[in-house]
$ cat my_file_10.txt   # compact mmCIF, C-alpha atoms
# COMPACT_ATOMS: atom_id res chain seq x y z
CA MET A 1 20.67 154.83 15.94
CA PRO A 2 17.98 156.30 13.64
CA SER A 3 14.44 155.58 14.81
CA VAL A 4 11.84 153.93 12.58
CA ASP A 5 10.27 157.37 12.15
CA ARG A 6 13.55 158.79 10.82
CA MET A 7 13.89 155.84 8.44
CA ARG A 8 10.33 156.39 7.27
CA GLU A 9 11.11 160.06 6.59
CA PHE A 10 14.30 159.08 4.76
CA LEU A 11 12.31 156.70 2.54
CA SER A 12 9.71 159.39 1.90
CA VAL A 13 12.36 161.88 0.79
CA MET A 14 13.83 159.50 -1.76
CA GLN A 15 10.46 158.25 -2.98
CA ALA A 16 9.18 161.82 -3.41
CA GLY A 17 12.38 162.94 -5.11
CA SER A 18 12.77 166.08 -3.04
CA ILE A 19 12.70 167.23 0.56
CA SER A 20 10.02 169.81 -0.25
CA GLU A 21 7.63 167.25 -1.72
CA ALA A 22 8.31 164.74 1.06
CA ALA A 23 7.65 167.43 3.67
CA ARG A 24 4.32 168.19 2.00
CA VAL A 25 3.32 164.52 2.01
CA LEU A 26 4.41 164.04 5.62
CA GLY A 27 2.82 167.28 6.79
CA LEU A 28 6.10 168.68 8.11
CA PRO A 29 7.86 172.02 7.60
CA ARG A 30 10.54 171.68 4.95
CA ALA A 31 13.19 173.09 7.28
CA THR A 32 12.34 170.49 9.93
CA LEU A 33 12.64 167.58 7.53
CA SER A 34 15.86 168.94 6.04
CA ARG A 35 17.34 169.33 9.52
CA ARG A 36 16.38 165.77 10.43
CA MET A 37 18.05 164.36 7.32
CA ALA A 38 21.21 166.31 8.07
CA SER A 39 21.10 165.16 11.69
CA MET A 40 20.78 161.51 10.64
CA GLU A 41 23.82 161.85 8.37
CA ALA A 42 25.75 163.51 11.20
CA ASP A 43 24.83 160.74 13.65
CA LEU A 44 25.95 158.08 11.19
CA GLY A 45 29.05 160.03 10.22
CA ILE A 46 28.48 159.41 6.52
CA ARG A 47 26.81 161.12 3.59
CA LEU A 48 23.58 159.42 2.48
CA ILE A 49 22.03 161.86 0.01
CA LEU A 50 23.65 163.75 -2.85
CA ARG A 51 21.82 166.97 -3.59
CA ARG A 52 21.87 167.47 -7.37
CA THR A 53 20.52 170.54 -9.13
CA THR A 54 17.27 168.94 -10.22
CA ARG A 55 16.99 165.81 -8.11
CA LEU A 56 18.32 163.88 -5.15
CA ALA A 57 20.56 160.86 -5.49
CA LEU A 58 21.80 158.25 -3.03
CA THR A 59 25.38 157.49 -2.17
CA HIS A 60 26.44 153.84 -1.91
CA ALA A 61 25.79 154.00 1.83
CA GLY A 62 22.45 155.67 1.19
CA GLU A 63 21.42 152.88 -1.18
CA GLU A 64 22.27 150.29 1.48
CA LEU A 65 20.27 152.14 4.13
CA PHE A 66 17.36 152.64 1.72
CA ARG A 67 17.21 148.92 0.95
CA ARG A 68 17.33 147.87 4.61
CA ALA A 69 15.05 150.67 5.81
CA GLN A 70 12.30 149.49 3.45
CA ARG A 71 12.26 146.12 5.19
CA ILE A 72 12.51 147.61 8.69
CA VAL A 73 9.64 150.04 8.12
CA ALA A 74 7.52 147.34 6.48
CA ASP A 75 8.15 145.01 9.45
CA ALA A 76 7.32 147.77 11.92
CA ASP A 77 4.09 148.54 10.07
CA ALA A 78 3.22 144.85 9.96
CA ALA A 79 3.81 144.51 13.71
CA TRP A 80 1.61 147.51 14.41
CA GLU A 81 -1.12 146.28 12.11
CA ALA A 82 -0.96 142.76 13.57
CA VAL A 83 -1.79 144.18 16.99
CA ARG A 84 -4.48 146.49 15.63
CA ARG A 85 -5.93 143.55 13.73
CA LEU A 86 -6.70 141.59 16.88
CA ASP A 87 -10.15 143.17 17.11
CA ASP A 88 -10.72 142.34 13.38
CA THR A 89 -12.22 145.78 12.68
CA PRO A 90 -11.43 147.40 9.28
CA ARG A 91 -9.65 150.69 9.89
CA GLY A 92 -6.94 152.91 8.48
CA LEU A 93 -5.99 153.87 4.92
CA LEU A 94 -6.99 151.52 2.09
CA ARG A 95 -5.49 152.17 -1.35
CA VAL A 96 -7.26 150.54 -4.30
CA SER A 97 -6.32 150.55 -7.99
CA VAL A 98 -9.10 149.84 -10.50
CA THR A 99 -9.57 149.90 -14.26
CA GLY A 100 -12.25 152.25 -15.51
CA PRO A 101 -15.03 154.18 -13.74
CA HIS A 102 -16.89 151.13 -12.46
CA PHE A 103 -18.43 149.91 -9.22
CA LEU A 104 -18.74 153.37 -7.68
CA LYS A 105 -21.36 152.25 -5.18
CA LEU A 106 -18.94 149.64 -3.83
CA PHE A 107 -16.59 152.34 -2.59
CA THR A 108 -19.16 154.70 -1.11
CA GLN A 109 -20.99 151.87 0.66
CA PHE A 110 -17.72 150.55 2.08
CA LEU A 111 -16.98 153.94 3.63
CA CYS A 112 -20.49 154.15 5.05
CA ASP A 113 -20.19 150.72 6.66
CA PHE A 114 -16.69 151.22 8.06
CA PRO A 115 -16.27 154.77 9.40
CA GLN A 116 -12.70 154.14 10.58
CA VAL A 117 -11.48 153.47 7.02
CA ARG A 118 -9.98 156.10 4.73
CA LEU A 119 -10.12 155.19 1.04
CA GLU A 120 -7.93 156.21 -1.91
CA VAL A 121 -9.10 154.96 -5.32
CA GLN A 122 -6.83 155.20 -8.38
CA SER A 123 -8.24 154.53 -11.86
CA THR A 124 -5.57 153.25 -14.24
CA THR A 125 -4.94 150.42 -16.70
CA ARG A 126 -1.30 150.29 -15.62
CA HIS A 127 -0.33 147.18 -13.69
CA VAL A 128 0.81 148.91 -10.53
CA ASP A 129 3.53 147.48 -8.31
CA LEU A 130 1.56 146.98 -5.11
CA LEU A 131 4.55 147.21 -2.77
CA ALA A 132 6.37 150.07 -4.51
CA ASP A 133 3.20 152.11 -5.08
CA GLY A 134 1.71 151.40 -1.65
CA VAL A 135 -1.46 149.85 -3.12
CA ASP A 136 -3.45 147.37 -1.03
CA VAL A 137 -5.80 145.91 -3.67
CA ALA A 138 -5.69 146.15 -7.46
CA MET A 139 -7.95 145.04 -10.28
CA ARG A 140 -6.12 143.24 -13.07
CA ILE A 141 -7.46 142.47 -16.53
CA GLY A 142 -5.44 139.69 -18.12
CA PRO A 143 -3.05 137.09 -16.71
CA VAL A 144 -1.36 137.76 -13.35
CA GLU A 145 2.25 136.61 -13.44
CA ASP A 146 3.48 137.87 -10.06
CA LYS A 147 3.73 134.80 -7.80
CA ASP A 148 3.92 137.00 -4.68
CA LEU A 149 0.30 138.10 -5.07
CA ILE A 150 -2.92 136.45 -3.95
CA VAL A 151 -5.30 136.32 -6.93
CA ARG A 152 -9.11 136.23 -6.68
CA ARG A 153 -10.60 135.76 -10.12
CA VAL A 154 -14.01 137.40 -10.38
CA HIS A 155 -14.88 137.26 -14.08
CA THR A 156 -13.71 135.78 -17.37
CA ASP A 157 -14.19 137.24 -20.83
CA ARG A 158 -12.40 136.92 -24.16
CA SER A 159 -10.81 139.58 -26.30
CA ILE A 160 -12.11 139.76 -29.87
CA VAL A 161 -11.44 141.87 -32.94
CA VAL A 162 -14.22 144.21 -34.05
CA ALA A 163 -14.68 146.96 -36.63
CA SER A 164 -17.54 149.13 -37.81
CA PRO A 165 -19.50 148.29 -41.01
CA ASP A 166 -18.35 151.60 -42.53
CA TYR A 167 -14.68 150.78 -41.94
CA LEU A 168 -15.08 147.33 -43.48
CA ALA A 169 -16.96 148.78 -46.46
CA ASN A 170 -14.10 151.21 -47.13
CA SER A 171 -11.11 149.05 -46.21
CA GLY A 172 -12.26 145.49 -46.78
CA THR A 173 -12.77 142.64 -44.33
CA PRO A 174 -9.71 140.72 -43.07
CA GLN A 175 -10.09 137.01 -43.85
CA LYS A 176 -7.10 135.74 -41.90
CA ALA A 177 -5.03 137.01 -38.99
CA SER A 178 -2.09 138.10 -41.15
CA ASP A 179 -4.42 140.47 -43.03
CA LEU A 180 -4.50 142.72 -39.93
CA ALA A 181 -1.01 143.95 -40.78
CA LYS A 182 -2.58 145.73 -43.77
CA HIS A 183 -5.35 147.35 -41.72
CA ARG A 184 -5.49 150.31 -39.38
CA CYS A 185 -5.69 148.91 -35.85
CA ILE A 186 -6.63 150.68 -32.64
CA VAL A 187 -4.21 149.30 -30.07
CA GLY A 188 -4.19 149.24 -26.31
CA PHE A 189 -1.23 149.32 -23.98
CA ALA A 190 0.68 146.17 -23.05
CA GLY A 191 0.56 145.94 -19.24
CA GLY A 192 -0.63 149.54 -19.23
CA TRP A 193 2.85 150.77 -20.17
CA THR A 194 3.58 150.77 -23.90
CA PRO A 195 1.41 150.60 -27.04
CA GLN A 196 0.80 147.09 -28.33
CA SER A 197 2.57 146.06 -31.52
CA GLU A 198 1.02 142.59 -31.73
CA TRP A 199 -2.22 140.81 -30.87
CA PRO A 200 -2.48 137.24 -29.55
CA LEU A 201 -3.67 134.30 -31.62
CA LEU A 202 -6.06 131.76 -30.12
CA LYS A 203 -3.78 128.83 -30.91
CA GLY A 204 -0.62 130.57 -29.73
CA GLY A 205 1.71 133.13 -31.22
CA SER A 206 0.78 136.62 -32.31
CA VAL A 207 0.15 138.86 -35.30
CA ASN A 208 1.77 142.25 -35.87
CA VAL A 209 -0.56 145.27 -35.77
CA GLY A 210 -0.28 149.04 -35.94
CA GLY A 211 -2.37 152.13 -36.46
CA ARG A 212 -2.91 155.81 -35.80
CA LEU A 213 -4.44 155.50 -32.33
CA SER A 214 -3.04 153.92 -29.17
CA ALA A 215 -5.04 154.23 -25.96
CA ASN A 216 -5.22 152.66 -22.53
CA GLU A 217 -8.88 153.61 -22.05
CA ILE A 218 -11.30 150.87 -23.07
CA THR A 219 -14.19 153.26 -23.71
CA LEU A 220 -12.06 155.34 -26.08
CA ILE A 221 -11.01 152.23 -28.01
CA ARG A 222 -14.65 151.20 -28.40
CA GLU A 223 -15.75 154.68 -29.53
CA ALA A 224 -12.89 154.87 -32.02
CA ALA A 225 -13.95 151.55 -33.52
CA LEU A 226 -17.55 152.78 -33.72
CA ASP A 227 -16.32 155.91 -35.54
CA GLY A 228 -14.64 153.76 -38.19
CA LEU A 229 -11.03 154.46 -37.24
CA GLY A 230 -9.94 150.84 -37.55
CA CYS A 231 -10.04 147.34 -36.10
CA ALA A 232 -9.93 147.02 -32.32
CA LEU A 233 -9.07 144.14 -29.98
CA ILE A 234 -11.35 144.48 -26.98
CA GLY A 235 -13.20 142.44 -24.37
CA SER A 236 -16.32 140.94 -25.89
CA ALA A 237 -18.48 142.12 -22.97
CA VAL A 238 -17.54 145.73 -23.67
CA VAL A 239 -18.93 145.57 -27.21
CA ALA A 240 -21.67 142.92 -26.89
CA ARG A 241 -24.49 145.47 -27.23
CA GLU A 242 -22.88 147.21 -30.20
CA ILE A 243 -22.48 143.84 -31.96
CA GLN A 244 -26.10 142.92 -31.32
CA GLU A 245 -27.20 146.31 -32.69
CA GLY A 246 -25.05 145.84 -35.81
CA ARG A 247 -22.84 148.86 -35.08
CA LEU A 248 -19.75 146.67 -34.74
CA VAL A 249 -18.85 143.46 -36.55
CA PRO A 250 -16.84 140.67 -34.86
CA LEU A 251 -13.90 139.47 -36.95
CA LEU A 252 -11.61 136.43 -37.00
CA LEU A 253 -13.33 134.86 -33.98
CA ASP A 254 -11.64 131.51 -34.60
CA GLN A 255 -8.18 133.02 -35.02
CA VAL A 256 -7.43 136.14 -32.96
CA GLY A 257 -7.93 136.88 -29.26
CA SER A 258 -7.26 135.39 -25.85
CA GLU A 259 -8.89 134.60 -22.54
CA LEU A 260 -9.38 137.78 -20.55
CA PRO A 261 -9.60 137.07 -16.80
CA VAL A 262 -10.60 139.86 -14.43
CA SER A 263 -9.03 139.46 -10.99
CA LEU A 264 -8.46 141.23 -7.72
CA VAL A 265 -4.91 140.95 -6.41
CA PHE A 266 -3.33 141.78 -3.07
CA ALA A 267 -0.03 141.05 -1.36
CA ASP A 268 0.57 137.60 0.10
CA ARG A 269 1.36 138.37 3.73
CA GLU A 270 1.30 136.48 7.00
CA TYR A 271 -1.71 138.46 8.17
CA ILE A 272 -4.38 139.82 5.83
CA ASP A 273 -5.51 143.20 7.07
CA PRO A 274 -9.23 143.19 7.97
CA LYS A 275 -9.94 146.15 5.70
CA VAL A 276 -8.31 144.32 2.77
CA ARG A 277 -10.11 141.07 3.47
CA GLU A 278 -13.50 142.76 3.88
CA PHE A 279 -13.06 144.91 0.78
CA VAL A 280 -11.99 141.98 -1.41
CA ASP A 281 -14.89 139.80 -0.22
CA ARG A 282 -17.36 142.55 -1.05
CA ALA A 283 -15.71 143.49 -4.33
CA VAL A 284 -15.75 139.91 -5.60
CA LYS A 285 -19.53 139.77 -5.18
CA VAL A 286 -20.21 143.22 -6.65
CA ILE A 287 -17.94 142.83 -9.67
CA ALA A 288 -19.30 139.37 -10.48
CA GLN A 289 -22.83 140.83 -10.45
CA GLU A 290 -22.15 144.07 -12.32
CA MET A 291 -19.62 143.09 -15.00
CA PRO A 292 -21.28 143.17 -18.43
CA GLN A 293 -21.90 139.75 -19.96
CA PRO A 294 -19.63 138.55 -22.79
CA PHE A 295 -20.78 138.36 -26.41
CA GLU A 296 -22.59 135.00 -26.59
CA ASP A 297 -21.91 133.84 -30.14
CA LEU A 298 -18.16 133.34 -29.85
CA ALA A 299 -16.78 130.74 -32.24
CA ILE A 300 -13.88 129.22 -30.30
$ encode --input "my_file_10.txt" --output "structure tokens"
Amino acid sequence: MPSVDRMREFLSVMQAGSISEAARVLGLPRATLSRRMASMEADLGIRLILRRTTRLALTHAGEELFRRAQRIVADADAAWEAVRRLDDTPRGLLRVSVTGPHFLKLFTQFLCDFPQVRLEVQSTTRHVDLLADGVDVAMRIGPVEDKDLIVRRVHTDRSIVVASPDYLANSGTPQKASDLAKHRCIVGFAGGWTPQSEWPLLKGGSVNVGGRLSANEITLIREAALDGLGCALIGSAVVAREIQEGRLVPLLLDQVGSELPVSLVFADREYIDPKVREFVDRAVKVIAQEMPQPFEDLAI
């Protein structure tokens, strides 16, 4: 019967897409990992992996083993961590996904305070799949719909439409939400995956939008709006200073936008790993203190 280690290696091969890449991640010689996969197939007496020219594929039996192995490995890891957790000391690898280059001191101070922790920080606006991507804690901007996640809300803003005075002087000022269809709009990415084609209305529904620039980087969207490239839908806190300085003009405050919660999310498990619990508790305090304040004169 394959050991948990063999199942873990099998999962790594399929997740990496090749034996070479999986061997690199696992720190094994390629020949060793290849031999172990062949040995596992020989012990089971059935082919698990189809070796295509450019990628690996699973047979029907391989798909079944892959599905069950995920649960077995996860249970084995949980059992190990449950025992390690008895002393309540943060340790081991912590993977965190955040949006934007913020809160840098939070990460460095965490490492200083907990020398047994290794930290991997990914900066992305994509809503990562915590289980599939192996992420422990993620920052989410916007509603969290996954019921299997624990959500700690740390901040609330509102998205608003803004444009530069130069853009409005050249292109006119939209008076109602439907006017945005006639304007160049700088759009973000829905869920971090695909460019937006509509913006939310305060009273429900949406308005169609489009333009020359799509970006999943908030700073780029703000700078593009400042450069007169179009109307942008963005968190009011991100542009509060520019509005106060007159470099951006808020538009359609009573018509377009939505609540913009900022949350930390992590998997709902029987035991919360000490490093996850400690990191979330600290992050909630730091983010609440350091997040820029929303634009104050919102007409809702």
$ atom_distance --input "my_file_10.txt" --atom1 "atom CA of Asp166 of chain A" --atom2 "atom CA of Ala224 of chain A"
12.3 Å
$ residues_around --input "my_file_10.txt" --residues "segment 9-15 of chain A" --least-positions-apart "4" --cutoff "12 Å" --atoms "all atoms listed in the file" --output "PDB file with C-alpha atoms, in the frame of the given file"
ATOM      1  CA  PRO A   2      17.980 156.300  13.640  1.00  0.00           C
ATOM      2  CA  SER A   3      14.440 155.580  14.810  1.00  0.00           C
ATOM      3  CA  VAL A   4      11.840 153.930  12.580  1.00  0.00           C
ATOM      4  CA  ASP A   5      10.270 157.370  12.150  1.00  0.00           C
ATOM      5  CA  ILE A  19      12.700 167.230   0.560  1.00  0.00           C
ATOM      6  CA  SER A  20      10.020 169.810  -0.250  1.00  0.00           C
ATOM      7  CA  GLU A  21       7.630 167.250  -1.720  1.00  0.00           C
ATOM      8  CA  ALA A  22       8.310 164.740   1.060  1.00  0.00           C
ATOM      9  CA  ALA A  23       7.650 167.430   3.670  1.00  0.00           C
ATOM     10  CA  ARG A  24       4.320 168.190   2.000  1.00  0.00           C
ATOM     11  CA  VAL A  25       3.320 164.520   2.010  1.00  0.00           C
ATOM     12  CA  LEU A  26       4.410 164.040   5.620  1.00  0.00           C
ATOM     13  CA  GLY A  27       2.820 167.280   6.790  1.00  0.00           C
ATOM     14  CA  LEU A  28       6.100 168.680   8.110  1.00  0.00           C
ATOM     15  CA  ARG A  30      10.540 171.680   4.950  1.00  0.00           C
ATOM     16  CA  THR A  32      12.340 170.490   9.930  1.00  0.00           C
ATOM     17  CA  LEU A  33      12.640 167.580   7.530  1.00  0.00           C
ATOM     18  CA  SER A  34      15.860 168.940   6.040  1.00  0.00           C
ATOM     19  CA  ARG A  35      17.340 169.330   9.520  1.00  0.00           C
ATOM     20  CA  ARG A  36      16.380 165.770  10.430  1.00  0.00           C
ATOM     21  CA  MET A  37      18.050 164.360   7.320  1.00  0.00           C
ATOM     22  CA  ALA A  38      21.210 166.310   8.070  1.00  0.00           C
ATOM     23  CA  SER A  39      21.100 165.160  11.690  1.00  0.00           C
ATOM     24  CA  MET A  40      20.780 161.510  10.640  1.00  0.00           C
ATOM     25  CA  GLU A  41      23.820 161.850   8.370  1.00  0.00           C
ATOM     26  CA  LEU A  48      23.580 159.420   2.480  1.00  0.00           C
ATOM     27  CA  ILE A  49      22.030 161.860   0.010  1.00  0.00           C
ATOM     28  CA  LEU A  50      23.650 163.750  -2.850  1.00  0.00           C
ATOM     29  CA  ARG A  51      21.820 166.970  -3.590  1.00  0.00           C
ATOM     30  CA  ARG A  55      16.990 165.810  -8.110  1.00  0.00           C
ATOM     31  CA  LEU A  56      18.320 163.880  -5.150  1.00  0.00           C
ATOM     32  CA  ALA A  57      20.560 160.860  -5.490  1.00  0.00           C
ATOM     33  CA  LEU A  58      21.800 158.250  -3.030  1.00  0.00           C
ATOM     34  CA  THR A  59      25.380 157.490  -2.170  1.00  0.00           C
ATOM     35  CA  GLY A  62      22.450 155.670   1.190  1.00  0.00           C
ATOM     36  CA  GLU A  63      21.420 152.880  -1.180  1.00  0.00           C
ATOM     37  CA  GLU A  64      22.270 150.290   1.480  1.00  0.00           C
ATOM     38  CA  LEU A  65      20.270 152.140   4.130  1.00  0.00           C
ATOM     39  CA  PHE A  66      17.360 152.640   1.720  1.00  0.00           C
ATOM     40  CA  ARG A  67      17.210 148.920   0.950  1.00  0.00           C
ATOM     41  CA  ARG A  68      17.330 147.870   4.610  1.00  0.00           C
ATOM     42  CA  ALA A  69      15.050 150.670   5.810  1.00  0.00           C
ATOM     43  CA  GLN A  70      12.300 149.490   3.450  1.00  0.00           C
ATOM     44  CA  ARG A  71      12.260 146.120   5.190  1.00  0.00           C
ATOM     45  CA  ILE A  72      12.510 147.610   8.690  1.00  0.00           C
ATOM     46  CA  VAL A  73       9.640 150.040   8.120  1.00  0.00           C
ATOM     47  CA  ALA A  74       7.520 147.340   6.480  1.00  0.00           C
ATOM     48  CA  ALA A 132       6.370 150.070  -4.510  1.00  0.00           C
ATOM     49  CA  ASP A 133       3.200 152.110  -5.080  1.00  0.00           C
ATOM     50  CA  GLY A 134       1.710 151.400  -1.650  1.00  0.00           C
TER      51      GLY A 134
END
$ closest_residue --input "my_file_10.txt" --among "A:Asp179, A:Glu290, A:Glu278, A:Asp157" --to "Ala237 of chain A" --atoms "all atoms listed in the file"
A:Asp157
$ atom_distance --input "my_file_10.txt" --atom1 "atom CA of Gln289 of chain A" --atom2 "atom CA of Thr108 of chain A"
17.1 Å
$ closest_residue --input "my_file_10.txt" --among "A:Ser263, A:Val151, A:Ala190, A:Gly142" --to "Ala288 of chain A" --atoms "all atoms listed in the file"
A:Ser263
$ atom_distance --input "my_file_10.txt" --atom1 "atom CA of Asn208 of chain A" --atom2 "atom CA of Arg247 of chain A"
25.5 Å
$ closest_residue --input "my_file_10.txt" --among "A:Val238, A:Met139, A:Ala163, A:Ala215" --to "Ala283 of chain A" --atoms "only C-alpha atoms"
A:Met139
$ closest_residue --input "my_file_10.txt" --among "A:Met7, A:Leu253, A:Ile221, A:Val121" --to "Ala76 of chain A" --atoms "all atoms listed in the file"
A:Met7
$ axis_aligned_box --input "my_file_10.txt" --around "segment 195-208 of chain A" --padding-each-side "4 Å" --output "lines of an AutoDock Vina configuration file"
center_x = -1.7
center_y = 139.7
center_z = -31.5
size_x = 16.6
size_y = 29.8
size_z = 16.8
$ residues_around --input "my_file_10.txt" --residues "Asp273 of chain A" --least-positions-apart "5" --cutoff "12 Å" --atoms "all atoms listed in the file" --output "ChimeraX atom specification"
/A:77-94,117,136-137,266-268,278-280
$ closest_residue --input "my_file_10.txt" --among "A:Arg6, A:Leu180, A:Arg212, A:Val162" --to "Pro195 of chain A" --atoms "all atoms listed in the file"
A:Arg212
$ closest_residue --input "my_file_10.txt" --among "A:Leu229, A:Gly45, A:Asp254, A:Leu264" --to "Ala138 of chain A" --atoms "all atoms listed in the file"
A:Leu264
